[in-house]
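Printed here is final-v6.txt (compact mmCIF, C-alpha atoms and all ligand atoms):
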# COMPACT_ATOMS: atom_id res chain seq x y z
CA MET Y 1 5.03 -28.91 -10.16
CA ALA Y 2 5.74 -29.17 -13.90
CA LEU Y 3 4.05 -25.80 -14.38
CA LEU Y 4 6.16 -24.28 -11.61
CA CYS Y 5 9.38 -25.55 -13.21
CA PHE Y 6 8.30 -24.28 -16.61
CA GLN Y 7 7.51 -20.86 -15.14
CA SER Y 8 10.82 -20.73 -13.27
CA LEU Y 9 12.68 -21.68 -16.45
CA ARG Y 10 10.87 -19.02 -18.44
CA MET Y 11 11.63 -16.42 -15.74
CA LEU Y 12 15.30 -17.42 -15.62
CA ARG Y 13 15.58 -17.03 -19.41
CA SER Y 14 14.14 -13.54 -19.19
CA GLY Y 15 16.59 -12.63 -16.40
CA ILE Y 16 13.84 -12.54 -13.73
CA ARG Y 17 14.83 -14.15 -10.45
CA CYS Y 18 12.51 -15.06 -7.58
CA MET Y 19 13.42 -13.77 -4.11
CA SER Y 20 11.49 -14.15 -0.82
CA GLN Y 21 11.29 -17.90 -1.37
CA ASN Y 22 9.32 -18.46 1.84
CA ALA Y 23 6.77 -15.74 1.23
CA GLN Y 24 3.19 -16.74 0.48
CA LEU Y 25 1.29 -13.47 0.50
CA VAL Y 26 3.74 -11.49 -1.63
CA SER Y 27 6.01 -12.34 -4.49
CA LEU Y 28 9.35 -10.58 -4.83
CA THR Y 29 11.23 -10.91 -8.09
CA VAL Y 30 14.25 -9.11 -9.42
CA ASN Y 31 15.23 -8.39 -12.99
CA ASP Y 32 18.93 -9.24 -13.00
CA LYS Y 33 19.53 -7.08 -16.08
CA THR Y 34 18.15 -3.87 -14.56
CA GLY Y 35 18.36 -4.59 -10.82
CA VAL Y 36 14.71 -3.55 -10.46
CA ALA Y 37 12.65 -5.57 -7.97
CA THR Y 38 8.91 -6.15 -8.25
CA LEU Y 39 6.92 -6.68 -5.07
CA SER Y 40 3.45 -8.06 -5.84
CA LEU Y 41 0.74 -8.35 -3.21
CA GLN Y 42 -1.03 -11.68 -3.51
CA ARG Y 43 -3.43 -12.16 -0.63
CA PRO Y 44 -6.84 -13.12 -2.08
CA PRO Y 45 -9.45 -11.94 -2.42
CA VAL Y 46 -8.55 -8.23 -2.07
CA ASN Y 47 -5.03 -7.89 -0.59
CA SER Y 48 -6.41 -6.56 2.69
CA LEU Y 49 -3.46 -5.77 4.93
CA ASN Y 50 -3.49 -8.12 7.92
CA LEU Y 51 -0.58 -8.81 10.25
CA GLU Y 52 0.82 -11.62 8.10
CA LEU Y 53 0.70 -9.65 4.83
CA LEU Y 54 2.32 -6.61 6.47
CA THR Y 55 5.04 -8.87 7.89
CA GLU Y 56 5.82 -10.23 4.43
CA ILE Y 57 5.80 -6.77 2.82
CA SER Y 58 8.18 -5.49 5.47
CA SER Y 59 10.56 -8.44 5.03
CA ALA Y 60 10.46 -8.07 1.24
CA LEU Y 61 11.42 -4.38 1.49
CA THR Y 62 14.44 -5.35 3.59
CA GLU Y 63 15.35 -8.11 1.15
CA ALA Y 64 15.22 -5.66 -1.75
CA THR Y 65 17.61 -3.39 0.18
CA ASP Y 66 19.97 -6.27 1.02
CA ASN Y 67 19.96 -7.26 -2.64
CA ASN Y 68 21.06 -3.73 -3.64
CA SER Y 69 17.96 -3.25 -5.77
CA ARG Y 70 18.10 -0.26 -8.12
CA GLY Y 71 14.38 0.32 -7.71
CA LEU Y 72 11.15 -1.32 -6.63
CA ILE Y 73 7.78 -1.65 -8.32
CA LEU Y 74 4.88 -2.26 -5.94
CA THR Y 75 1.84 -3.85 -7.51
CA SER Y 76 -0.84 -6.53 -7.11
CA THR Y 77 -1.34 -9.93 -8.70
CA ASN Y 78 -5.08 -9.13 -8.66
CA ASP Y 79 -5.98 -7.02 -11.69
CA GLY Y 80 -8.93 -5.27 -10.08
CA VAL Y 81 -7.73 -4.59 -6.55
CA PHE Y 82 -4.35 -3.09 -5.67
CA SER Y 83 -5.16 -3.35 -1.96
CA ALA Y 84 -8.44 -3.02 -0.01
CA GLY Y 85 -6.48 -1.29 2.77
CA LEU Y 86 -6.20 -2.51 6.32
CA ASP Y 87 -7.94 -5.78 7.03
CA ILE Y 88 -11.03 -4.59 8.86
CA LEU Y 89 -11.23 -7.92 10.68
CA GLU Y 90 -7.99 -7.00 12.49
CA MET Y 91 -9.75 -3.96 13.98
CA TYR Y 92 -13.20 -5.40 14.64
CA LYS Y 93 -13.63 -6.92 18.12
CA PRO Y 94 -9.84 -7.17 18.29
CA ASN Y 95 -7.62 -9.34 20.44
CA LEU Y 96 -5.51 -6.76 22.29
CA ASP Y 97 -2.10 -8.41 21.83
CA ARG Y 98 -2.66 -9.13 18.17
CA VAL Y 99 -4.05 -5.69 17.32
CA LYS Y 100 -1.04 -4.06 19.02
CA GLU Y 101 1.30 -6.22 16.97
CA PHE Y 102 -0.72 -5.44 13.84
CA TRP Y 103 -0.51 -1.66 14.29
CA THR Y 104 3.18 -1.81 15.22
CA LYS Y 105 3.87 -3.80 12.04
CA LEU Y 106 1.92 -1.28 9.99
CA GLN Y 107 4.03 1.55 11.44
CA GLU Y 108 7.23 -0.39 10.71
CA THR Y 109 6.18 -1.18 7.12
CA TRP Y 110 5.26 2.43 6.37
CA ILE Y 111 8.51 3.78 7.87
CA LYS Y 112 10.52 1.34 5.75
CA LEU Y 113 8.62 1.94 2.51
CA TYR Y 114 8.58 5.71 3.01
CA GLN Y 115 12.33 5.97 3.22
CA THR Y 116 13.78 3.24 1.00
CA ALA Y 117 17.10 4.22 -0.51
CA TYR Y 118 15.98 2.89 -3.89
CA PRO Y 119 13.30 4.60 -6.01
CA THR Y 120 9.78 3.21 -5.60
CA VAL Y 121 6.89 3.16 -8.03
CA ALA Y 122 3.34 1.97 -7.37
CA VAL Y 123 1.65 0.36 -10.35
CA ILE Y 124 -1.94 0.64 -9.12
CA ASN Y 125 -3.76 -1.99 -11.14
CA GLY Y 126 -7.03 -1.88 -9.21
CA HIS Y 127 -8.97 -0.14 -6.46
CA SER Y 128 -6.85 1.34 -3.72
CA PRO Y 129 -8.81 2.58 -0.70
CA ALA Y 130 -7.39 3.72 2.67
CA GLY Y 131 -4.32 1.64 3.62
CA GLY Y 132 -3.96 0.69 -0.07
CA CYS Y 133 -3.77 4.38 -0.92
CA LEU Y 134 -1.24 4.85 1.91
CA LEU Y 135 1.07 2.26 0.33
CA ALA Y 136 0.81 4.00 -3.04
CA LEU Y 137 1.33 7.46 -1.48
CA SER Y 138 4.52 6.22 0.17
CA CYS Y 139 6.09 5.46 -3.20
CA GLU Y 140 7.85 8.16 -5.21
CA HIS Y 141 5.78 7.75 -8.36
CA ARG Y 142 2.27 6.44 -8.97
CA ILE Y 143 0.99 4.92 -12.19
CA MET Y 144 -2.66 3.90 -12.23
CA VAL Y 145 -4.73 1.80 -14.58
CA LYS Y 146 -7.91 3.55 -15.77
CA ASN Y 147 -11.39 2.92 -14.34
CA PHE Y 148 -10.43 2.33 -10.70
CA THR Y 149 -10.64 4.39 -7.52
CA ILE Y 150 -8.14 5.56 -4.90
CA GLY Y 151 -8.33 7.61 -1.72
CA LEU Y 152 -8.28 7.81 2.07
CA ASN Y 153 -11.93 7.00 2.85
CA GLU Y 154 -11.60 6.51 6.63
CA THR Y 155 -14.18 9.14 7.67
CA ARG Y 156 -16.81 7.25 5.68
CA LEU Y 157 -16.18 4.26 7.94
CA GLY Y 158 -16.49 6.38 11.09
CA ILE Y 159 -12.77 6.11 11.79
CA VAL Y 160 -9.96 8.64 11.51
CA ALA Y 161 -6.90 8.58 9.28
CA PRO Y 162 -3.89 8.90 11.62
CA PRO Y 163 -1.59 11.94 11.23
CA TRP Y 164 1.02 10.02 9.22
CA PHE Y 165 -1.61 8.84 6.70
CA ILE Y 166 -2.67 12.48 6.39
CA ALA Y 167 0.92 13.73 6.06
CA SER Y 168 1.57 11.18 3.31
CA MET Y 169 -1.30 12.66 1.32
CA VAL Y 170 -0.48 16.30 2.08
CA ASN Y 171 3.09 15.71 0.86
CA VAL Y 172 1.68 14.61 -2.51
CA ILE Y 173 -1.38 16.79 -3.18
CA GLY Y 174 -1.04 19.64 -0.66
CA GLN Y 175 -3.07 20.90 2.29
CA ARG Y 176 -6.18 22.22 0.53
CA GLN Y 177 -6.90 19.19 -1.64
CA SER Y 178 -6.08 16.82 1.25
CA GLU Y 179 -8.44 18.62 3.62
CA ARG Y 180 -11.30 18.32 1.13
CA ALA Y 181 -10.52 14.70 0.24
CA LEU Y 182 -9.94 13.45 3.78
CA THR Y 183 -12.91 15.11 5.46
CA LEU Y 184 -15.21 13.76 2.76
CA GLY Y 185 -13.44 10.38 2.65
CA HIS Y 186 -13.40 10.91 -1.11
CA MET Y 187 -12.44 8.08 -3.43
CA PHE Y 188 -10.94 9.60 -6.59
CA THR Y 189 -11.46 8.03 -9.99
CA THR Y 190 -8.25 7.46 -11.93
CA GLU Y 191 -8.92 10.63 -13.95
CA GLU Y 192 -9.67 12.73 -10.84
CA ALA Y 193 -6.57 11.37 -9.12
CA LYS Y 194 -4.44 12.48 -12.08
CA ASN Y 195 -6.04 15.94 -12.05
CA VAL Y 196 -5.19 16.58 -8.37
CA GLY Y 197 -1.70 15.06 -8.70
CA LEU Y 198 -2.48 12.04 -6.52
CA ILE Y 199 -1.18 9.86 -9.33
CA ASP Y 200 1.38 10.75 -11.98
CA GLU Y 201 0.36 8.67 -14.98
CA ILE Y 202 -2.70 6.86 -16.34
CA VAL Y 203 -2.20 3.62 -18.25
CA GLN Y 204 -4.46 1.14 -20.02
CA ASN Y 205 -3.25 -1.95 -18.17
CA LYS Y 206 -0.67 -3.35 -15.77
CA ALA Y 207 1.79 -4.32 -18.53
CA GLU Y 208 1.92 -0.72 -19.77
CA GLY Y 209 2.19 0.43 -16.14
CA THR Y 210 5.18 -1.83 -15.56
CA THR Y 211 6.95 -0.52 -18.67
CA GLN Y 212 6.38 3.06 -17.52
CA ALA Y 213 7.55 2.21 -14.00
CA GLU Y 214 10.79 0.75 -15.35
CA ALA Y 215 11.27 3.90 -17.44
CA PHE Y 216 10.80 6.07 -14.32
CA ILE Y 217 13.38 4.08 -12.36
CA GLN Y 218 15.76 4.15 -15.33
CA LYS Y 219 15.81 7.98 -15.09
CA PHE Y 220 18.00 7.60 -12.00
CA ALA Y 221 20.56 5.37 -13.70
CA LYS Y 222 23.07 8.22 -14.05
CA ILE Y 223 22.35 9.83 -10.68
CA PRO Y 224 24.77 8.66 -7.98
CA PHE Y 225 22.78 6.30 -5.71
CA GLN Y 226 23.99 7.75 -2.39
CA ALA Y 227 23.34 11.34 -3.40
CA ARG Y 228 19.82 10.42 -4.50
CA SER Y 229 18.97 8.41 -1.42
CA LEU Y 230 20.30 11.00 1.03
CA THR Y 231 18.28 13.69 -0.73
CA LYS Y 232 15.16 11.54 -0.37
CA THR Y 233 15.92 10.93 3.31
CA TRP Y 234 16.24 14.63 4.02
CA LEU Y 235 13.11 15.48 2.04
CA ARG Y 236 11.07 12.87 3.92
CA ASN Y 237 12.77 12.97 7.31
CA LYS Y 238 10.38 15.38 9.02
CA THR Y 239 7.35 13.28 8.12
CA VAL Y 240 8.96 10.01 9.19
CA GLU Y 241 10.43 11.44 12.40
CA SER Y 242 7.03 12.63 13.55
CA LEU Y 243 5.95 9.00 13.76
CA VAL Y 244 9.31 7.49 14.80
CA LYS Y 245 9.40 9.76 17.87
CA ASN Y 246 5.78 9.01 18.79
CA ARG Y 247 5.22 5.37 17.95
CA GLU Y 248 3.94 4.48 21.40
CA ASP Y 249 1.54 7.47 21.52
CA ASP Y 250 0.35 6.66 18.02
CA LEU Y 251 -0.33 3.05 19.03
CA ASN Y 252 -2.24 4.16 22.12
CA MET Y 253 -4.25 6.67 20.11
CA PHE Y 254 -5.12 3.97 17.58
CA LEU Y 255 -6.21 1.57 20.34
CA GLN Y 256 -8.27 4.27 21.98
CA VAL Y 257 -10.04 5.31 18.76
CA VAL Y 258 -10.58 1.86 17.33
CA THR Y 259 -12.01 0.36 20.52
CA GLN Y 260 -14.61 3.13 20.98
CA PRO Y 261 -18.10 1.56 20.90
CA ASN Y 262 -19.20 3.82 18.03
CA ALA Y 263 -16.09 2.95 15.97
CA GLN Y 264 -16.76 -0.76 16.59
CA GLU Y 265 -20.37 -0.28 15.58
CA SER Y 266 -19.37 1.49 12.35
CA LEU Y 267 -16.85 -1.24 11.55
CA GLY Y 268 -19.46 -3.94 12.21
CA HIS Y 269 -21.96 -2.28 9.85
CA TYR Y 270 -19.27 -1.79 7.25
CA ILE Y 271 -18.19 -5.44 7.32
CA GLN Y 272 -21.82 -6.46 6.94
CA SER Y 273 -22.34 -4.10 4.00
CA LEU Y 274 -19.26 -5.54 2.26
CA LYS Y 275 -20.52 -9.07 2.82
CA ASN Y 276 -24.00 -8.17 1.55
CA LYS Y 277 -22.47 -6.64 -1.54
CA ALA Y 278 -20.26 -9.69 -2.12
CA THR Y 279 -23.23 -12.11 -1.94
CA LYS Y 280 -25.43 -10.05 -4.34
C1 LIG G 1 -7.49 11.87 17.07
C2 LIG G 1 -7.19 10.68 16.24
C3 LIG G 1 -5.78 10.47 16.03
C4 LIG G 1 -5.26 9.41 15.50
C5 LIG G 1 -6.10 8.36 14.93
C6 LIG G 1 -5.53 7.05 15.26
C7 LIG G 1 -6.15 5.97 14.92
C8 LIG G 1 -7.37 5.94 14.05
C9 LIG G 1 -8.06 4.63 14.08
C10 LIG G 1 -8.10 3.85 13.09
C11 LIG G 1 -7.45 4.16 11.79
C12 LIG G 1 -7.54 2.94 10.99
C13 LIG G 1 -7.19 3.19 9.56
C14 LIG G 1 -7.70 2.37 8.65
C15 LIG G 1 -7.36 2.45 7.25
C16 LIG G 1 -7.96 1.34 6.41
O1 LIG G 1 -7.31 0.87 5.54
S1 LIG G 1 -9.52 0.79 6.79
C17 LIG G 1 -9.97 -0.27 5.44
C18 LIG G 1 -10.68 0.52 4.40
N1 LIG G 1 -10.97 -0.30 3.26
C19 LIG G 1 -12.07 -0.18 2.56
O2 LIG G 1 -12.96 0.62 2.85
C20 LIG G 1 -12.23 -1.12 1.39
C21 LIG G 1 -13.42 -1.97 1.48
N2 LIG G 1 -13.50 -2.86 0.33
C22 LIG G 1 -13.98 -2.48 -0.86
O3 LIG G 1 -14.33 -1.34 -1.08
C23 LIG G 1 -14.04 -3.53 -1.92
O4 LIG G 1 -13.89 -4.78 -1.30
C24 LIG G 1 -12.97 -3.39 -3.03
C25 LIG G 1 -13.33 -2.18 -3.92
C26 LIG G 1 -11.58 -3.22 -2.45
C27 LIG G 1 -12.98 -4.66 -3.91
O5 LIG G 1 -14.26 -4.91 -4.39
P1 LIG G 1 -14.62 -6.38 -4.94
O6 LIG G 1 -13.53 -6.87 -5.81
O7 LIG G 1 -16.00 -6.25 -5.49
O8 LIG G 1 -14.59 -7.31 -3.65
P2 LIG G 1 -15.72 -7.45 -2.52
O9 LIG G 1 -16.14 -6.11 -2.04
O10 LIG G 1 -16.77 -8.38 -3.00
O11 LIG G 1 -14.89 -8.12 -1.31
C28 LIG G 1 -14.48 -9.48 -1.38
C29 LIG G 1 -14.30 -10.00 0.03
O12 LIG G 1 -13.27 -9.25 0.67
C30 LIG G 1 -13.77 -8.68 1.90
N3 LIG G 1 -13.10 -7.37 2.13
C31 LIG G 1 -13.10 -6.32 1.32
N4 LIG G 1 -12.36 -5.33 1.84
C32 LIG G 1 -11.90 -5.79 3.02
C33 LIG G 1 -11.07 -5.22 4.04
N5 LIG G 1 -10.54 -3.99 3.95
N6 LIG G 1 -10.81 -5.95 5.13
C34 LIG G 1 -11.32 -7.20 5.26
N7 LIG G 1 -12.10 -7.79 4.32
C35 LIG G 1 -12.39 -7.09 3.22
C36 LIG G 1 -15.27 -8.55 1.64
O13 LIG G 1 -15.95 -8.47 2.86
C37 LIG G 1 -15.54 -9.83 0.89
O14 LIG G 1 -15.52 -10.86 1.86
P3 LIG G 1 -16.46 -12.15 1.74
O15 LIG G 1 -16.07 -12.79 0.45
O16 LIG G 1 -17.87 -11.65 1.76
O17 LIG G 1 -16.13 -12.95 2.96

Represent the structure contained in this file as structure tokens.
Amino acid sequence: MALLCFQSLRMLRSGIRCMSQNAQLVSLTVNDKTGVATLSLQRPPVNSLNLELLTEISSALTEATDNNSRGLILTSTNDGVFSAGLDILEMYKPNLDRVKEFWTKLQETWIKLYQTAYPTVAVINGHSPAGGCLLALSCEHRIMVKNFTIGLNETRLGIVAPPWFIASMVNVIGQRQSERALTLGHMFTTEEAKNVGLIDEIVQNKAEGTTQAEAFIQKFAKIPFQARSLTKTWLRNKTVESLVKNREDDLNMFLQVVTQPNAQESLGHYIQSLKNKATK
């Protein structure tokens, strides 16, 4: 309690204010001097995206909008893992009602993040496979700490990246590089990611990443907010609309693919291999 008060006092002095008071799996703060919000994923051990974490991310994005944020930095409290992607346990031997809600929440979160009016920067301070990469790809700028990996590795798990995951990558690195990366399920090192344009900057650590992210958002200070946000909407509209118009079909396709016996078998083996690795 004393520590909490001390931290709050220190944050207040530096102009940092806590939002999302009820959130447990994310923290949302805003710098009152710059208007920039920071959304940090904090679901141990690896920020895997389950229904509850997605719900909190989605609510935080709305709160940042309601608070008229000038920009948003998306990062992780775990220096080592940005996000392990979708929580595989949500997809393995799923409860039908819950897995439907899970996928619908994922769609909602992506749609919101992909078209925020404010500029978004991912400070990728750890590994970022699959759904973690999707979150980063949905931001406007990506800054990554060295010595980690990022990519859409779904084919390696025997599952398929849905069309909107693919479009998010194509929009950043183009058709040719995406085709190679997605079919192989390639995880790029930080250096490789920079070389193909999957990330924009390499930094030594999260603190440097945050400074660079603030500098990126600051570039828009003199650009009228509405003009900027409408331009972003129009640039991204085709990609978003292709999911918005087909949410039900996309959900059904997901359910069909993920419940296939061979997909379940692959997921089961994969969970076991992760557990074996963790106990070594
Ligand atoms: C025609 C078709 C059209 C349309 C298609 C439609 C639908 C397609 C169907 C499905 C698409 C589904 C899309 C899925 C996208 C995803 O995001 S799948 C998830 C992919 N994620 C990964 O592969 C990451 C796996 N994890 C790791 O590589 C490492 O954990 C990581 C590098 C992130 C961190 O390493 P480290 O710090 O060493 O941690 P550990 O490996 O020791 O892990 C700690 C514990 O966390 C558990 N864990 C790790 N990742 C996950 C996860 N994603 N979900 C759940 N749990 C995870 C791990 O088992 C350890 O648990 P333990 O402590 O042993 O209990």

Could you write out as lines of an AutoDock Vina configuration file the box around ligand LIG 1 (chain G) (axis-aligned, all atoms listed in the file, 8 Å on each side), with centre and edge lengths in Å to one decimal?
center_x = -11.6
center_y = -0.5
center_z = 5.6
size_x = 28.6
size_y = 40.8
size_z = 38.9

Would you give me, as JSON lines, each residue of chain Y having an atom within 6 Å of an atom of ligand LIG 1 (chain G), along with its shortest atom pair and that distance in Å to one decimal, using only C-alpha atoms and all ligand atoms and sorting by chain and residue number?
{"residue": "Y:Pro45", "atom": "CA", "partner": "G:LIG1", "partner_atom": "O12", "distance": 5.6}
{"residue": "Y:Val46", "atom": "CA", "partner": "G:LIG1", "partner_atom": "O12", "distance": 5.6}
{"residue": "Y:Ser48", "atom": "CA", "partner": "G:LIG1", "partner_atom": "N5", "distance": 5.0}
{"residue": "Y:Val81", "atom": "CA", "partner": "G:LIG1", "partner_atom": "C26", "distance": 5.8}
{"residue": "Y:Ala84", "atom": "CA", "partner": "G:LIG1", "partner_atom": "C26", "distance": 4.0}
{"residue": "Y:Gly85", "atom": "CA", "partner": "G:LIG1", "partner_atom": "O1", "distance": 3.6}
{"residue": "Y:Leu86", "atom": "CA", "partner": "G:LIG1", "partner_atom": "O1", "distance": 3.6}
{"residue": "Y:Asp87", "atom": "CA", "partner": "G:LIG1", "partner_atom": "N6", "distance": 3.4}
{"residue": "Y:Ile88", "atom": "CA", "partner": "G:LIG1", "partner_atom": "N6", "distance": 4.0}
{"residue": "Y:Leu89", "atom": "CA", "partner": "G:LIG1", "partner_atom": "C34", "distance": 5.5}
{"residue": "Y:His127", "atom": "CA", "partner": "G:LIG1", "partner_atom": "C25", "distance": 5.4}
{"residue": "Y:Pro129", "atom": "CA", "partner": "G:LIG1", "partner_atom": "N1", "distance": 5.4}
{"residue": "Y:Ala130", "atom": "CA", "partner": "G:LIG1", "partner_atom": "O1", "distance": 4.0}
{"residue": "Y:Gly131", "atom": "CA", "partner": "G:LIG1", "partner_atom": "O1", "distance": 3.6}
{"residue": "Y:Glu154", "atom": "CA", "partner": "G:LIG1", "partner_atom": "C15", "distance": 5.9}
{"residue": "Y:Ile159", "atom": "CA", "partner": "G:LIG1", "partner_atom": "C10", "distance": 5.3}
{"residue": "Y:Val160", "atom": "CA", "partner": "G:LIG1", "partner_atom": "C8", "distance": 4.5}
{"residue": "Y:Ala161", "atom": "CA", "partner": "G:LIG1", "partner_atom": "C11", "distance": 5.1}
{"residue": "Y:Pro162", "atom": "CA", "partner": "G:LIG1", "partner_atom": "C5", "distance": 4.0}
{"residue": "Y:Met253", "atom": "CA", "partner": "G:LIG1", "partner_atom": "C6", "distance": 5.0}
{"residue": "Y:Phe254", "atom": "CA", "partner": "G:LIG1", "partner_atom": "C7", "distance": 3.5}
{"residue": "Y:Val257", "atom": "CA", "partner": "G:LIG1", "partner_atom": "C9", "distance": 5.1}
{"residue": "Y:Val258", "atom": "CA", "partner": "G:LIG1", "partner_atom": "C9", "distance": 5.0}
{"residue": "Y:Ile271", "atom": "CA", "partner": "G:LIG1", "partner_atom": "O13", "distance": 5.8}
{"residue": "Y:Leu274", "atom": "CA", "partner": "G:LIG1", "partner_atom": "O13", "distance": 4.5}
{"residue": "Y:Lys275", "atom": "CA", "partner": "G:LIG1", "partner_atom": "O16", "distance": 3.8}
{"residue": "Y:Ala278", "atom": "CA", "partner": "G:LIG1", "partner_atom": "O10", "distance": 3.8}

Could those selected residues go to a file with C-alpha atoms, as a tab-separated table (two decimals), in the frame of the given file?
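Below is the file selection25.tsv, written as the result:
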chain	number	residue	atom	x	y	z
Y	45	PRO	CA	-9.45	-11.94	-2.42
Y	46	VAL	CA	-8.55	-8.23	-2.07
Y	48	SER	CA	-6.41	-6.56	2.69
Y	81	VAL	CA	-7.73	-4.59	-6.55
Y	84	ALA	CA	-8.44	-3.02	-0.01
Y	85	GLY	CA	-6.48	-1.29	2.77
Y	86	LEU	CA	-6.20	-2.51	6.32
Y	87	ASP	CA	-7.94	-5.78	7.03
Y	88	ILE	CA	-11.03	-4.59	8.86
Y	89	LEU	CA	-11.23	-7.92	10.68
Y	127	HIS	CA	-8.97	-0.14	-6.46
Y	129	PRO	CA	-8.81	2.58	-0.70
Y	130	ALA	CA	-7.39	3.72	2.67
Y	131	GLY	CA	-4.32	1.64	3.62
Y	154	GLU	CA	-11.60	6.51	6.63
Y	159	ILE	CA	-12.77	6.11	11.79
Y	160	VAL	CA	-9.96	8.64	11.51
Y	161	ALA	CA	-6.90	8.58	9.28
Y	162	PRO	CA	-3.89	8.90	11.62
Y	253	MET	CA	-4.25	6.67	20.11
Y	254	PHE	CA	-5.12	3.97	17.58
Y	257	VAL	CA	-10.04	5.31	18.76
Y	258	VAL	CA	-10.58	1.86	17.33
Y	271	ILE	CA	-18.19	-5.44	7.32
Y	274	LEU	CA	-19.26	-5.54	2.26
Y	275	LYS	CA	-20.52	-9.07	2.82
Y	278	ALA	CA	-20.26	-9.69	-2.12

Item to check | Gap from CA of Met91 in chain Y to CA of Ser242 in chain Y - Å, one decimal | outcome: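 About the pair CA of Met91 in chain Y and CA of Ser242 in chain Y: they are 23.6 Å apart.
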
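The point (-6.2, 17.8, 7.7) has these residues within 12 Å of it when all atoms listed in the file are used: Leu152, Thr155, Val160, Ala161, Pro162, Pro163, Trp164, Phe165, Ile166, Ala167, Ser168, Met169, Val170, Asn171, Ile173, Gly174, Gln175, Arg176, Gln177, Ser178, Glu179, Arg180, Ala181, Leu182, Thr183, Leu184 and Gly185 of chain Y.
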
Those residues with C-alpha atoms, as a PDB file, in the frame of the given file please?
ATOM      1  CA  LEU Y 152      -8.280   7.810   2.070  1.00  0.00           C
ATOM      2  CA  THR Y 155     -14.180   9.140   7.670  1.00  0.00           C
ATOM      3  CA  VAL Y 160      -9.960   8.640  11.510  1.00  0.00           C
ATOM      4  CA  ALA Y 161      -6.900   8.580   9.280  1.00  0.00           C
ATOM      5  CA  PRO Y 162      -3.890   8.900  11.620  1.00  0.00           C
ATOM      6  CA  PRO Y 163      -1.590  11.940  11.230  1.00  0.00           C
ATOM      7  CA  TRP Y 164       1.020  10.020   9.220  1.00  0.00           C
ATOM      8  CA  PHE Y 165      -1.610   8.840   6.700  1.00  0.00           C
ATOM      9  CA  ILE Y 166      -2.670  12.480   6.390  1.00  0.00           C
ATOM     10  CA  ALA Y 167       0.920  13.730   6.060  1.00  0.00           C
ATOM     11  CA  SER Y 168       1.570  11.180   3.310  1.00  0.00           C
ATOM     12  CA  MET Y 169      -1.300  12.660   1.320  1.00  0.00           C
ATOM     13  CA  VAL Y 170      -0.480  16.300   2.080  1.00  0.00           C
ATOM     14  CA  ASN Y 171       3.090  15.710   0.860  1.00  0.00           C
ATOM     15  CA  ILE Y 173      -1.380  16.790  -3.180  1.00  0.00           C
ATOM     16  CA  GLY Y 174      -1.040  19.640  -0.660  1.00  0.00           C
ATOM     17  CA  GLN Y 175      -3.070  20.900   2.290  1.00  0.00           C
ATOM     18  CA  ARG Y 176      -6.180  22.220   0.530  1.00  0.00           C
ATOM     19  CA  GLN Y 177      -6.900  19.190  -1.640  1.00  0.00           C
ATOM     20  CA  SER Y 178      -6.080  16.820   1.250  1.00  0.00           C
ATOM     21  CA  GLU Y 179      -8.440  18.620   3.620  1.00  0.00           C
ATOM     22  CA  ARG Y 180     -11.300  18.320   1.130  1.00  0.00           C
ATOM     23  CA  ALA Y 181     -10.520  14.700   0.240  1.00  0.00           C
ATOM     24  CA  LEU Y 182      -9.940  13.450   3.780  1.00  0.00           C
ATOM     25  CA  THR Y 183     -12.910  15.110   5.460  1.00  0.00           C
ATOM     26  CA  LEU Y 184     -15.210  13.760   2.760  1.00  0.00           C
ATOM     27  CA  GLY Y 185     -13.440  10.380   2.650  1.00  0.00           C
TER      28      GLY Y 185
END

Checklist entry - What is the CA of Ala221 in chain Y to CA of Arg70 in chain Y distance in Å? => result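 Answer for the CA of Ala221 in chain Y to CA of Arg70 in chain Y separation: 8.3 Å.
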
Checklist outcome for this item: If you count all atoms listed in the file, the residue of Y:Met144, Y:Val30, Y:Ala136, Y:Leu51 closest to Lys100 in chain Y turns out to be Y:Leu51

Checklist outcome for this item: Atom pair CA of Asn68 in chain Y + CA of Lys33 in chain Y, distance 13.0 Å

Env of Thr29 in chain Y: 10 Å cut, atoms = all atoms listed in the file, seq-sep filter 3 positions within chain, self excluded. Answer as a PDB file with C-alpha atoms, keeping the file's coordinate frame.
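And here is the file that came out, part08.pdb:
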ATOM      1  CA  MET Y  11      11.630 -16.420 -15.740  1.00  0.00           C
ATOM      2  CA  ILE Y  16      13.840 -12.540 -13.730  1.00  0.00           C
ATOM      3  CA  ARG Y  17      14.830 -14.150 -10.450  1.00  0.00           C
ATOM      4  CA  CYS Y  18      12.510 -15.060  -7.580  1.00  0.00           C
ATOM      5  CA  MET Y  19      13.420 -13.770  -4.110  1.00  0.00           C
ATOM      6  CA  SER Y  20      11.490 -14.150  -0.820  1.00  0.00           C
ATOM      7  CA  GLN Y  21      11.290 -17.900  -1.370  1.00  0.00           C
ATOM      8  CA  VAL Y  26       3.740 -11.490  -1.630  1.00  0.00           C
ATOM      9  CA  ASP Y  32      18.930  -9.240 -13.000  1.00  0.00           C
ATOM     10  CA  GLY Y  35      18.360  -4.590 -10.820  1.00  0.00           C
ATOM     11  CA  VAL Y  36      14.710  -3.550 -10.460  1.00  0.00           C
ATOM     12  CA  ALA Y  37      12.650  -5.570  -7.970  1.00  0.00           C
ATOM     13  CA  THR Y  38       8.910  -6.150  -8.250  1.00  0.00           C
ATOM     14  CA  LEU Y  39       6.920  -6.680  -5.070  1.00  0.00           C
ATOM     15  CA  SER Y  40       3.450  -8.060  -5.840  1.00  0.00           C
ATOM     16  CA  ALA Y  60      10.460  -8.070   1.240  1.00  0.00           C
ATOM     17  CA  ALA Y  64      15.220  -5.660  -1.750  1.00  0.00           C
ATOM     18  CA  LEU Y  72      11.150  -1.320  -6.630  1.00  0.00           C
ATOM     19  CA  ILE Y  73       7.780  -1.650  -8.320  1.00  0.00           C
TER      20      ILE Y  73
END
